[in-house]
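Pasting target.txt here (compact mmCIF, N, CA and C atoms):
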# COMPACT_ATOMS: atom_id res chain seq x y z
N MET D 168 36.40 109.32 89.71
CA MET D 168 37.04 110.56 89.33
C MET D 168 37.67 110.41 87.95
N TYR D 169 37.37 111.34 87.09
CA TYR D 169 37.97 111.38 85.76
C TYR D 169 39.16 112.33 85.79
N GLN D 170 40.27 111.91 85.20
CA GLN D 170 41.46 112.75 85.16
C GLN D 170 42.10 112.70 83.78
N PHE D 171 42.58 113.85 83.33
CA PHE D 171 43.25 113.95 82.03
C PHE D 171 44.41 114.93 82.16
N THR D 172 45.48 114.66 81.45
CA THR D 172 46.66 115.52 81.49
C THR D 172 47.05 115.93 80.07
N THR D 173 47.40 117.20 79.91
CA THR D 173 47.89 117.71 78.64
C THR D 173 49.04 118.67 78.93
N GLN D 174 49.78 119.05 77.90
CA GLN D 174 50.91 119.94 78.08
C GLN D 174 50.86 121.11 77.09
N THR D 175 51.51 122.19 77.49
CA THR D 175 51.68 123.35 76.63
C THR D 175 52.99 124.03 77.02
N ARG D 176 53.54 124.75 76.10
CA ARG D 176 54.77 125.50 76.38
C ARG D 176 54.43 126.98 76.48
N VAL D 177 55.03 127.66 77.46
CA VAL D 177 54.79 129.09 77.65
C VAL D 177 55.37 129.86 76.47
N ARG D 178 54.50 130.65 75.85
CA ARG D 178 54.93 131.51 74.74
C ARG D 178 55.36 132.87 75.29
N TYR D 179 56.24 133.52 74.57
CA TYR D 179 56.76 134.82 75.00
C TYR D 179 55.63 135.81 75.25
N ALA D 180 54.62 135.81 74.40
CA ALA D 180 53.51 136.75 74.51
C ALA D 180 52.69 136.54 75.79
N GLU D 181 52.86 135.42 76.47
CA GLU D 181 52.10 135.13 77.69
C GLU D 181 52.80 135.66 78.95
N THR D 182 53.98 136.24 78.78
CA THR D 182 54.75 136.71 79.93
C THR D 182 54.68 138.23 80.05
N ASP D 183 55.00 138.73 81.25
CA ASP D 183 55.02 140.16 81.49
C ASP D 183 56.47 140.67 81.49
N GLN D 184 56.68 141.89 81.92
CA GLN D 184 58.01 142.47 81.92
C GLN D 184 58.98 141.74 82.84
N MET D 185 58.46 140.98 83.78
CA MET D 185 59.31 140.24 84.71
C MET D 185 59.63 138.84 84.19
N ASN D 186 59.22 138.54 82.94
CA ASN D 186 59.41 137.23 82.32
C ASN D 186 58.59 136.14 83.01
N VAL D 187 57.52 136.55 83.68
CA VAL D 187 56.64 135.63 84.39
C VAL D 187 55.32 135.57 83.65
N VAL D 188 54.70 134.39 83.62
CA VAL D 188 53.40 134.26 82.98
C VAL D 188 52.41 135.19 83.68
N TYR D 189 51.77 136.03 82.89
CA TYR D 189 50.74 136.94 83.39
C TYR D 189 49.60 136.10 83.98
N TYR D 190 49.14 136.48 85.16
CA TYR D 190 48.17 135.66 85.89
C TYR D 190 46.91 135.36 85.09
N GLY D 191 46.46 136.28 84.25
CA GLY D 191 45.24 136.08 83.47
C GLY D 191 45.34 134.94 82.47
N ASN D 192 46.56 134.56 82.12
CA ASN D 192 46.74 133.47 81.16
C ASN D 192 46.44 132.09 81.74
N TYR D 193 46.40 131.99 83.06
CA TYR D 193 46.07 130.69 83.65
C TYR D 193 44.65 130.26 83.31
N ALA D 194 43.74 131.22 83.13
CA ALA D 194 42.38 130.87 82.70
C ALA D 194 42.42 130.18 81.34
N GLN D 195 43.33 130.62 80.46
CA GLN D 195 43.47 129.98 79.16
C GLN D 195 44.10 128.59 79.28
N TYR D 196 45.06 128.44 80.19
CA TYR D 196 45.64 127.11 80.41
C TYR D 196 44.58 126.15 80.94
N PHE D 197 43.74 126.65 81.86
CA PHE D 197 42.66 125.81 82.38
C PHE D 197 41.69 125.43 81.25
N GLU D 198 41.39 126.39 80.39
CA GLU D 198 40.49 126.09 79.27
C GLU D 198 41.09 125.03 78.36
N LEU D 199 42.37 125.15 78.06
CA LEU D 199 43.05 124.14 77.24
C LEU D 199 42.91 122.77 77.88
N GLY D 200 43.11 122.69 79.19
CA GLY D 200 42.96 121.41 79.89
C GLY D 200 41.54 120.87 79.79
N ARG D 201 40.54 121.74 79.97
CA ARG D 201 39.14 121.28 79.89
C ARG D 201 38.79 120.83 78.49
N VAL D 202 39.16 121.63 77.49
CA VAL D 202 38.84 121.30 76.10
C VAL D 202 39.44 119.96 75.71
N GLU D 203 40.70 119.77 76.04
CA GLU D 203 41.37 118.51 75.67
C GLU D 203 40.85 117.33 76.48
N SER D 204 40.46 117.56 77.74
CA SER D 204 39.90 116.46 78.52
C SER D 204 38.55 116.03 77.96
N MET D 205 37.75 117.00 77.52
CA MET D 205 36.47 116.66 76.90
C MET D 205 36.68 115.96 75.56
N ARG D 206 37.66 116.44 74.80
CA ARG D 206 37.97 115.81 73.50
C ARG D 206 38.36 114.34 73.71
N ALA D 207 39.14 114.07 74.76
CA ALA D 207 39.54 112.69 75.05
C ALA D 207 38.34 111.80 75.36
N LEU D 208 37.27 112.40 75.85
CA LEU D 208 36.03 111.65 76.12
C LEU D 208 35.15 111.52 74.88
N GLY D 209 35.54 112.22 73.80
CA GLY D 209 34.76 112.16 72.57
C GLY D 209 33.84 113.35 72.36
N PHE D 210 34.05 114.42 73.11
CA PHE D 210 33.20 115.61 73.02
C PHE D 210 34.04 116.82 72.64
N THR D 211 33.42 117.75 71.94
CA THR D 211 34.03 119.04 71.68
C THR D 211 32.98 120.10 71.98
N TYR D 212 33.45 121.31 72.27
CA TYR D 212 32.50 122.41 72.46
C TYR D 212 31.68 122.61 71.20
N LYS D 213 32.29 122.47 70.04
CA LYS D 213 31.57 122.64 68.78
C LYS D 213 30.43 121.63 68.68
N ARG D 214 30.73 120.37 68.99
CA ARG D 214 29.69 119.34 68.94
C ARG D 214 28.56 119.67 69.91
N MET D 215 28.93 120.09 71.13
CA MET D 215 27.91 120.42 72.12
C MET D 215 27.03 121.56 71.61
N GLU D 216 27.66 122.59 71.03
CA GLU D 216 26.89 123.72 70.52
C GLU D 216 26.01 123.30 69.35
N ASP D 217 26.54 122.43 68.48
CA ASP D 217 25.72 121.91 67.38
C ASP D 217 24.51 121.13 67.88
N GLU D 218 24.66 120.53 69.07
CA GLU D 218 23.56 119.76 69.67
C GLU D 218 22.69 120.63 70.58
N GLY D 219 22.98 121.95 70.60
CA GLY D 219 22.11 122.87 71.32
C GLY D 219 22.49 123.14 72.77
N ILE D 220 23.71 122.80 73.17
CA ILE D 220 24.16 123.02 74.55
C ILE D 220 25.36 123.95 74.54
N ILE D 221 25.32 124.99 75.40
CA ILE D 221 26.49 125.83 75.61
C ILE D 221 26.95 125.67 77.06
N MET D 222 28.21 125.97 77.30
CA MET D 222 28.78 125.74 78.64
C MET D 222 29.58 126.97 79.09
N PRO D 223 28.92 128.01 79.57
CA PRO D 223 29.66 129.16 80.06
C PRO D 223 30.31 128.89 81.42
N VAL D 224 31.44 129.54 81.63
CA VAL D 224 32.11 129.50 82.94
C VAL D 224 31.33 130.43 83.86
N VAL D 225 30.98 129.94 85.06
CA VAL D 225 30.26 130.77 86.02
C VAL D 225 31.08 131.02 87.29
N GLU D 226 32.13 130.24 87.49
CA GLU D 226 33.04 130.45 88.62
C GLU D 226 34.45 130.08 88.18
N LEU D 227 35.42 130.86 88.66
CA LEU D 227 36.83 130.58 88.41
C LEU D 227 37.60 130.99 89.66
N HIS D 228 38.25 130.02 90.28
CA HIS D 228 39.06 130.27 91.47
C HIS D 228 40.47 129.77 91.18
N THR D 229 41.46 130.59 91.48
CA THR D 229 42.85 130.21 91.21
C THR D 229 43.73 130.59 92.39
N ARG D 230 44.62 129.68 92.76
CA ARG D 230 45.70 129.96 93.73
C ARG D 230 47.01 129.92 92.97
N PHE D 231 47.81 130.94 93.13
CA PHE D 231 49.11 131.02 92.46
C PHE D 231 50.19 130.72 93.48
N LEU D 232 51.00 129.69 93.22
CA LEU D 232 52.00 129.25 94.18
C LEU D 232 53.43 129.55 93.75
N ARG D 233 53.70 129.37 92.46
CA ARG D 233 55.05 129.60 91.92
C ARG D 233 54.89 130.17 90.52
N PRO D 234 55.89 130.91 90.05
CA PRO D 234 55.79 131.48 88.70
C PRO D 234 56.19 130.49 87.61
N ALA D 235 55.58 130.65 86.47
CA ALA D 235 56.02 129.99 85.24
C ALA D 235 56.67 131.08 84.40
N THR D 236 57.66 130.71 83.60
CA THR D 236 58.37 131.69 82.79
C THR D 236 58.42 131.23 81.34
N TYR D 237 58.89 132.14 80.50
CA TYR D 237 58.97 131.87 79.06
C TYR D 237 59.66 130.55 78.78
N ASP D 238 59.06 129.77 77.88
CA ASP D 238 59.55 128.50 77.36
C ASP D 238 59.43 127.32 78.33
N ASP D 239 58.85 127.54 79.50
CA ASP D 239 58.60 126.41 80.41
C ASP D 239 57.59 125.47 79.77
N LEU D 240 57.80 124.18 79.95
CA LEU D 240 56.82 123.18 79.54
C LEU D 240 55.89 122.95 80.72
N LEU D 241 54.62 123.26 80.53
CA LEU D 241 53.63 123.14 81.60
C LEU D 241 52.79 121.89 81.39
N THR D 242 52.49 121.23 82.48
CA THR D 242 51.57 120.10 82.48
C THR D 242 50.29 120.55 83.18
N ILE D 243 49.18 120.39 82.48
CA ILE D 243 47.88 120.80 83.01
C ILE D 243 47.09 119.53 83.32
N GLN D 244 46.80 119.34 84.59
CA GLN D 244 46.03 118.18 85.03
C GLN D 244 44.60 118.63 85.31
N THR D 245 43.66 117.97 84.68
CA THR D 245 42.24 118.32 84.81
C THR D 245 41.49 117.14 85.42
N GLN D 246 40.70 117.43 86.44
CA GLN D 246 39.93 116.39 87.10
C GLN D 246 38.46 116.77 87.21
N VAL D 247 37.60 115.78 87.03
CA VAL D 247 36.20 115.88 87.41
C VAL D 247 36.07 114.88 88.55
N ARG D 248 35.97 115.41 89.76
CA ARG D 248 36.03 114.56 90.95
C ARG D 248 34.72 113.88 91.30
N SER D 249 33.61 114.48 90.86
CA SER D 249 32.32 113.84 91.10
C SER D 249 31.47 114.01 89.85
N LEU D 250 30.68 113.00 89.59
CA LEU D 250 29.84 113.01 88.40
C LEU D 250 28.76 114.08 88.50
N PRO D 251 28.64 114.91 87.48
CA PRO D 251 27.56 115.91 87.49
C PRO D 251 26.21 115.22 87.42
N GLU D 252 25.30 115.68 88.23
CA GLU D 252 23.95 115.12 88.21
C GLU D 252 22.93 116.21 87.94
N SER D 253 23.39 117.37 87.59
CA SER D 253 22.51 118.52 87.49
C SER D 253 22.94 119.38 86.31
N TYR D 254 22.79 120.68 86.44
CA TYR D 254 23.04 121.63 85.37
C TYR D 254 24.46 122.20 85.39
N HIS D 255 25.33 121.71 86.28
CA HIS D 255 26.68 122.25 86.31
C HIS D 255 27.72 121.14 86.42
N ILE D 256 28.95 121.49 86.04
CA ILE D 256 30.07 120.58 86.13
C ILE D 256 31.24 121.35 86.74
N GLU D 257 31.99 120.68 87.60
CA GLU D 257 33.09 121.32 88.31
C GLU D 257 34.40 120.64 87.91
N PHE D 258 35.34 121.45 87.45
CA PHE D 258 36.66 120.96 87.07
C PHE D 258 37.68 121.46 88.09
N PHE D 259 38.57 120.58 88.50
CA PHE D 259 39.70 120.95 89.34
C PHE D 259 40.94 120.86 88.46
N GLN D 260 41.73 121.92 88.46
CA GLN D 260 42.84 121.97 87.51
C GLN D 260 44.12 122.44 88.20
N ASP D 261 45.20 121.72 87.92
CA ASP D 261 46.51 122.04 88.47
C ASP D 261 47.49 122.22 87.33
N VAL D 262 48.39 123.17 87.48
CA VAL D 262 49.43 123.42 86.49
C VAL D 262 50.78 123.16 87.15
N PHE D 263 51.57 122.29 86.53
CA PHE D 263 52.87 121.90 87.06
C PHE D 263 53.98 122.31 86.09
N ASN D 264 55.17 122.53 86.63
CA ASN D 264 56.32 122.79 85.76
C ASN D 264 57.04 121.48 85.45
N GLU D 265 58.17 121.58 84.75
CA GLU D 265 58.90 120.38 84.34
C GLU D 265 59.49 119.62 85.52
N GLU D 266 59.65 120.27 86.65
CA GLU D 266 60.14 119.60 87.86
C GLU D 266 58.99 119.03 88.68
N ASN D 267 57.80 119.05 88.10
CA ASN D 267 56.58 118.55 88.73
C ASN D 267 56.20 119.34 89.99
N LYS D 268 56.60 120.62 90.02
CA LYS D 268 56.20 121.49 91.12
C LYS D 268 54.89 122.18 90.75
N LEU D 269 53.98 122.23 91.70
CA LEU D 269 52.68 122.85 91.48
C LEU D 269 52.85 124.36 91.39
N LEU D 270 52.40 124.93 90.27
CA LEU D 270 52.49 126.37 90.05
C LEU D 270 51.19 127.08 90.38
N ALA D 271 50.09 126.49 89.98
CA ALA D 271 48.78 127.09 90.20
C ALA D 271 47.74 125.98 90.33
N ALA D 272 46.74 126.25 91.15
CA ALA D 272 45.65 125.30 91.35
C ALA D 272 44.34 126.05 91.15
N GLY D 273 43.42 125.43 90.42
CA GLY D 273 42.17 126.12 90.14
C GLY D 273 40.96 125.22 90.23
N ARG D 274 39.83 125.89 90.34
CA ARG D 274 38.53 125.22 90.30
C ARG D 274 37.65 126.05 89.39
N VAL D 275 37.03 125.39 88.41
CA VAL D 275 36.22 126.09 87.42
C VAL D 275 34.86 125.39 87.35
N VAL D 276 33.80 126.18 87.42
CA VAL D 276 32.44 125.65 87.34
C VAL D 276 31.80 126.18 86.06
N LEU D 277 31.20 125.28 85.31
CA LEU D 277 30.48 125.64 84.09
C LEU D 277 29.05 125.15 84.22
N TYR D 278 28.13 125.87 83.60
CA TYR D 278 26.72 125.45 83.54
C TYR D 278 26.45 124.84 82.18
N PHE D 279 25.52 123.92 82.14
CA PHE D 279 24.96 123.42 80.89
C PHE D 279 23.71 124.25 80.61
N LEU D 280 23.71 124.96 79.49
CA LEU D 280 22.56 125.79 79.13
C LEU D 280 22.06 125.41 77.75
N LYS D 281 20.75 125.55 77.55
CA LYS D 281 20.18 125.38 76.21
C LYS D 281 20.61 126.59 75.39
N LYS D 282 21.18 126.33 74.23
CA LYS D 282 21.75 127.38 73.39
C LYS D 282 20.71 128.44 73.01
N GLU D 283 19.52 128.02 72.67
CA GLU D 283 18.50 128.96 72.18
C GLU D 283 17.88 129.82 73.27
N THR D 284 17.78 129.28 74.47
CA THR D 284 17.07 130.01 75.53
C THR D 284 17.97 130.48 76.67
N TRP D 285 19.16 129.96 76.76
CA TRP D 285 20.10 130.23 77.86
C TRP D 285 19.51 129.78 79.20
N LYS D 286 18.62 128.81 79.16
CA LYS D 286 18.06 128.23 80.38
C LYS D 286 18.90 127.02 80.77
N ARG D 287 19.02 126.82 82.07
CA ARG D 287 19.80 125.68 82.55
C ARG D 287 19.17 124.37 82.10
N THR D 288 20.03 123.40 81.86
CA THR D 288 19.59 122.06 81.49
C THR D 288 20.52 121.06 82.15
N ILE D 289 20.17 119.81 82.11
CA ILE D 289 21.02 118.79 82.74
C ILE D 289 22.15 118.39 81.80
N ILE D 290 23.15 117.75 82.36
CA ILE D 290 24.27 117.26 81.58
C ILE D 290 23.74 116.30 80.52
N PRO D 291 24.24 116.38 79.29
CA PRO D 291 23.81 115.42 78.27
C PRO D 291 24.12 113.98 78.71
N ALA D 292 23.20 113.10 78.45
CA ALA D 292 23.32 111.71 78.91
C ALA D 292 24.58 111.04 78.39
N ASP D 293 24.96 111.29 77.13
CA ASP D 293 26.16 110.63 76.61
C ASP D 293 27.43 111.14 77.28
N MET D 294 27.44 112.39 77.70
CA MET D 294 28.60 112.90 78.45
C MET D 294 28.64 112.30 79.84
N GLN D 295 27.49 112.20 80.47
CA GLN D 295 27.39 111.57 81.78
C GLN D 295 27.90 110.13 81.71
N ASN D 296 27.47 109.41 80.68
CA ASN D 296 27.92 108.02 80.52
C ASN D 296 29.42 107.93 80.29
N ALA D 297 29.98 108.81 79.46
CA ALA D 297 31.42 108.80 79.19
C ALA D 297 32.21 109.09 80.45
N LEU D 298 31.76 110.05 81.25
CA LEU D 298 32.45 110.36 82.49
C LEU D 298 32.37 109.19 83.48
N SER D 299 31.22 108.56 83.56
CA SER D 299 31.06 107.45 84.51
C SER D 299 31.91 106.25 84.12
N LYS D 300 32.14 106.04 82.82
CA LYS D 300 32.97 104.92 82.37
C LYS D 300 34.45 105.19 82.58
N ASN D 301 34.84 106.46 82.69
CA ASN D 301 36.25 106.83 82.77
C ASN D 301 36.66 107.33 84.14
N LYS D 302 35.88 107.00 85.15
CA LYS D 302 36.25 107.49 86.48
C LYS D 302 37.27 106.61 87.16

Could you render the structure from this file as structure tokens?
Amino acid sequence: MYQFTTQTRVRYAETDQMNVVYYGNYAQYFELGRVESMRALGFTYKRMEDEGIIMPVVELHTRFLRPATYDDLLTIQTQVRSLPESYHIEFFQDVFNEENKLLAAGRVVLYFLKKETWKRTIIPADMQNALSKNK
């Protein structure tokens, strides 16, 4: 299992009239966690696209347990629990507050597609190798 942790602070613009993070912003927190976890492995979405691979989100599931509010420091934990062997990758993502209480839990599935044709393809070998070395 590969795991990576990053942090972000809740900005005022991410909250609603109740001073609570608007639920739609959790998709962005999950994306931040995925992007930074891939960067830690030596990959970026830009690099993948330059190499002809795009990774659209095809599933997003979120459970909301507790609210986050303006200026909270959030910890985003991203896990790849099993090595992808096919055309998709599954990320499990949890968002914690400063007291280490779980605020939201998510699962996000992305496909590996050929940029030019939008046809499914397998995970790039170098990404597979990086994930297997860091499990």

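Residues in contact range of Thr182 in chain D, defined as at most 10 Å between only C-alpha atoms, with sequence neighbours fewer than 5 positions away removed, read Val177, Val187, Val188, Tyr189, Tyr190, Asn192, Ala235, Thr236, Tyr237 and Asp238 of chain D.
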
TODO: Would you please work out which residue, of D:Phe259, D:Tyr278, D:Phe197, D:Tyr179, is nearest to Ile221 in chain D when using only N, CA and C atoms?
DONE: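 Residue with the minimum atom-to-atom distance to Ile221 in chain D: D:Tyr278.
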
Open item on the list: Just the number, please: distance in Å from atom N of Asn301 in chain D to atom C of Phe258 in chain D, one decimal.
Closed with: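 Between these atoms lies a distance of 16.2 Å.
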
TODO: Up to 12 Å from (33.1, 108.3, 85.2) in the file's coordinates: name the residues, counting only C-alpha atoms, as a VMD selection string.
DONE: chain D and resid 168 to 170 208 246 to 252 293 to 302

Open item on the list: To test your reading of the structure, identify every residue in range 199-265 of chain D that backbone DSSP assigns to strand (DSSP E or B), and report it as a ChimeraX atom specification.
Closed with: /D:220-221,224-231,236,240-247,255-263

- [ ] Pick out each residue of range 168-200 of chain D that DSSP on the backbone tags as helix (DSSP H, G or I); I need them as a list in words.
- [x]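 The residues of range 168-200 of chain D classed as helix (DSSP H, G or I) are Tyr179, Ala180, Glu181, Asn192, Tyr193, Ala194, Gln195, Tyr196, Phe197, Glu198, Leu199 and Gly200 of chain D.
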
Taking all atoms of range 254-263 of chain D that the file lists, what box with edges along x, y and z, padded by 8 Å per side, do you get, with centre and edge lengths in Å to one decimal, as JSON?
{"center_x": 38.4, "center_y": 122.0, "center_z": 87.4, "size_x": 47.2, "size_y": 18.8, "size_z": 20.0}

- [ ] Tell me, in Å to one decimal, how far atom N of Thr175 in chain D is from atom N of Ile243 in chain D.
- [x] 5.8 Å

Open item on the list: At a cut-off of 8 Å, using only N, CA and C atoms, what residues contact Ser253 in chain D? Leave out same-chain residues fewer than 5 positions from it and give the result as a list in words.
Closed with: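 Within the cut-off, the hits are Tyr278, Phe279, Arg287, Thr288, Ile289, Ile290 and Pro291 of chain D.
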
Task: Shell of 12 Å around range 267-275 of chain D, only C-alpha atoms, local chain residues under 6 positions omitted, as JSON, numbers by chain - done: {"D": [187, 188, 190, 191, 192, 193, 194, 195, 196, 197, 198, 200, 201, 222, 223, 224, 225, 226, 227, 228, 229, 230, 231, 232, 233, 234, 235, 236, 239, 240, 241, 242, 243, 244, 245, 246, 247, 248, 255, 256, 257, 258, 259, 260, 261]}

Could you turn the residues from that selection into a file that holds N, CA and C atoms, as a short mmCIF file (atom, residue, chain, number, x, y, z; two decimals), in the frame of the given file?
data_model
loop_
_atom_site.label_atom_id
_atom_site.label_comp_id
_atom_site.auth_asym_id
_atom_site.auth_seq_id
_atom_site.Cartn_x
_atom_site.Cartn_y
_atom_site.Cartn_z
N VAL D 187 57.52 136.55 83.68
CA VAL D 187 56.64 135.63 84.39
C VAL D 187 55.32 135.57 83.65
N VAL D 188 54.70 134.39 83.62
CA VAL D 188 53.40 134.26 82.98
C VAL D 188 52.41 135.19 83.68
N TYR D 190 49.14 136.48 85.16
CA TYR D 190 48.17 135.66 85.89
C TYR D 190 46.91 135.36 85.09
N GLY D 191 46.46 136.28 84.25
CA GLY D 191 45.24 136.08 83.47
C GLY D 191 45.34 134.94 82.47
N ASN D 192 46.56 134.56 82.12
CA ASN D 192 46.74 133.47 81.16
C ASN D 192 46.44 132.09 81.74
N TYR D 193 46.40 131.99 83.06
CA TYR D 193 46.07 130.69 83.65
C TYR D 193 44.65 130.26 83.31
N ALA D 194 43.74 131.22 83.13
CA ALA D 194 42.38 130.87 82.70
C ALA D 194 42.42 130.18 81.34
N GLN D 195 43.33 130.62 80.46
CA GLN D 195 43.47 129.98 79.16
C GLN D 195 44.10 128.59 79.28
N TYR D 196 45.06 128.44 80.19
CA TYR D 196 45.64 127.11 80.41
C TYR D 196 44.58 126.15 80.94
N PHE D 197 43.74 126.65 81.86
CA PHE D 197 42.66 125.81 82.38
C PHE D 197 41.69 125.43 81.25
N GLU D 198 41.39 126.39 80.39
CA GLU D 198 40.49 126.09 79.27
C GLU D 198 41.09 125.03 78.36
N GLY D 200 43.11 122.69 79.19
CA GLY D 200 42.96 121.41 79.89
C GLY D 200 41.54 120.87 79.79
N ARG D 201 40.54 121.74 79.97
CA ARG D 201 39.14 121.28 79.89
C ARG D 201 38.79 120.83 78.49
N MET D 222 28.21 125.97 77.30
CA MET D 222 28.78 125.74 78.64
C MET D 222 29.58 126.97 79.09
N PRO D 223 28.92 128.01 79.57
CA PRO D 223 29.66 129.16 80.06
C PRO D 223 30.31 128.89 81.42
N VAL D 224 31.44 129.54 81.63
CA VAL D 224 32.11 129.50 82.94
C VAL D 224 31.33 130.43 83.86
N VAL D 225 30.98 129.94 85.06
CA VAL D 225 30.26 130.77 86.02
C VAL D 225 31.08 131.02 87.29
N GLU D 226 32.13 130.24 87.49
CA GLU D 226 33.04 130.45 88.62
C GLU D 226 34.45 130.08 88.18
N LEU D 227 35.42 130.86 88.66
CA LEU D 227 36.83 130.58 88.41
C LEU D 227 37.60 130.99 89.66
N HIS D 228 38.25 130.02 90.28
CA HIS D 228 39.06 130.27 91.47
C HIS D 228 40.47 129.77 91.18
N THR D 229 41.46 130.59 91.48
CA THR D 229 42.85 130.21 91.21
C THR D 229 43.73 130.59 92.39
N ARG D 230 44.62 129.68 92.76
CA ARG D 230 45.70 129.96 93.73
C ARG D 230 47.01 129.92 92.97
N PHE D 231 47.81 130.94 93.13
CA PHE D 231 49.11 131.02 92.46
C PHE D 231 50.19 130.72 93.48
N LEU D 232 51.00 129.69 93.22
CA LEU D 232 52.00 129.25 94.18
C LEU D 232 53.43 129.55 93.75
N ARG D 233 53.70 129.37 92.46
CA ARG D 233 55.05 129.60 91.92
C ARG D 233 54.89 130.17 90.52
N PRO D 234 55.89 130.91 90.05
CA PRO D 234 55.79 131.48 88.70
C PRO D 234 56.19 130.49 87.61
N ALA D 235 55.58 130.65 86.47
CA ALA D 235 56.02 129.99 85.24
C ALA D 235 56.67 131.08 84.40
N THR D 236 57.66 130.71 83.60
CA THR D 236 58.37 131.69 82.79
C THR D 236 58.42 131.23 81.34
N ASP D 239 58.85 127.54 79.50
CA ASP D 239 58.60 126.41 80.41
C ASP D 239 57.59 125.47 79.77
N LEU D 240 57.80 124.18 79.95
CA LEU D 240 56.82 123.18 79.54
C LEU D 240 55.89 122.95 80.72
N LEU D 241 54.62 123.26 80.53
CA LEU D 241 53.63 123.14 81.60
C LEU D 241 52.79 121.89 81.39
N THR D 242 52.49 121.23 82.48
CA THR D 242 51.57 120.10 82.48
C THR D 242 50.29 120.55 83.18
N ILE D 243 49.18 120.39 82.48
CA ILE D 243 47.88 120.80 83.01
C ILE D 243 47.09 119.53 83.32
N GLN D 244 46.80 119.34 84.59
CA GLN D 244 46.03 118.18 85.03
C GLN D 244 44.60 118.63 85.31
N THR D 245 43.66 117.97 84.68
CA THR D 245 42.24 118.32 84.81
C THR D 245 41.49 117.14 85.42
N GLN D 246 40.70 117.43 86.44
CA GLN D 246 39.93 116.39 87.10
C GLN D 246 38.46 116.77 87.21
N VAL D 247 37.60 115.78 87.03
CA VAL D 247 36.20 115.88 87.41
C VAL D 247 36.07 114.88 88.55
N ARG D 248 35.97 115.41 89.76
CA ARG D 248 36.03 114.56 90.95
C ARG D 248 34.72 113.88 91.30
N HIS D 255 25.33 121.71 86.28
CA HIS D 255 26.68 122.25 86.31
C HIS D 255 27.72 121.14 86.42
N ILE D 256 28.95 121.49 86.04
CA ILE D 256 30.07 120.58 86.13
C ILE D 256 31.24 121.35 86.74
N GLU D 257 31.99 120.68 87.60
CA GLU D 257 33.09 121.32 88.31
C GLU D 257 34.40 120.64 87.91
N PHE D 258 35.34 121.45 87.45
CA PHE D 258 36.66 120.96 87.07
C PHE D 258 37.68 121.46 88.09
N PHE D 259 38.57 120.58 88.50
CA PHE D 259 39.70 120.95 89.34
C PHE D 259 40.94 120.86 88.46
N GLN D 260 41.73 121.92 88.46
CA GLN D 260 42.84 121.97 87.51
C GLN D 260 44.12 122.44 88.20
N ASP D 261 45.20 121.72 87.92
CA ASP D 261 46.51 122.04 88.47
C ASP D 261 47.49 122.22 87.33
#

TODO: To one decimal in Å, tell me the separation between atom C of Gln174 in chain D and atom C of Val202 in chain D.
DONE: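 Between atom C of Gln174 in chain D and atom C of Val202 in chain D the gap is 11.6 Å.
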
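For the residues D:Glu218, D:Glu265, D:Asp183, D:Glu203, ranking by smallest atom-to-atom distance to Lys281 in chain D using all atoms listed in the file places D:Glu218 first.
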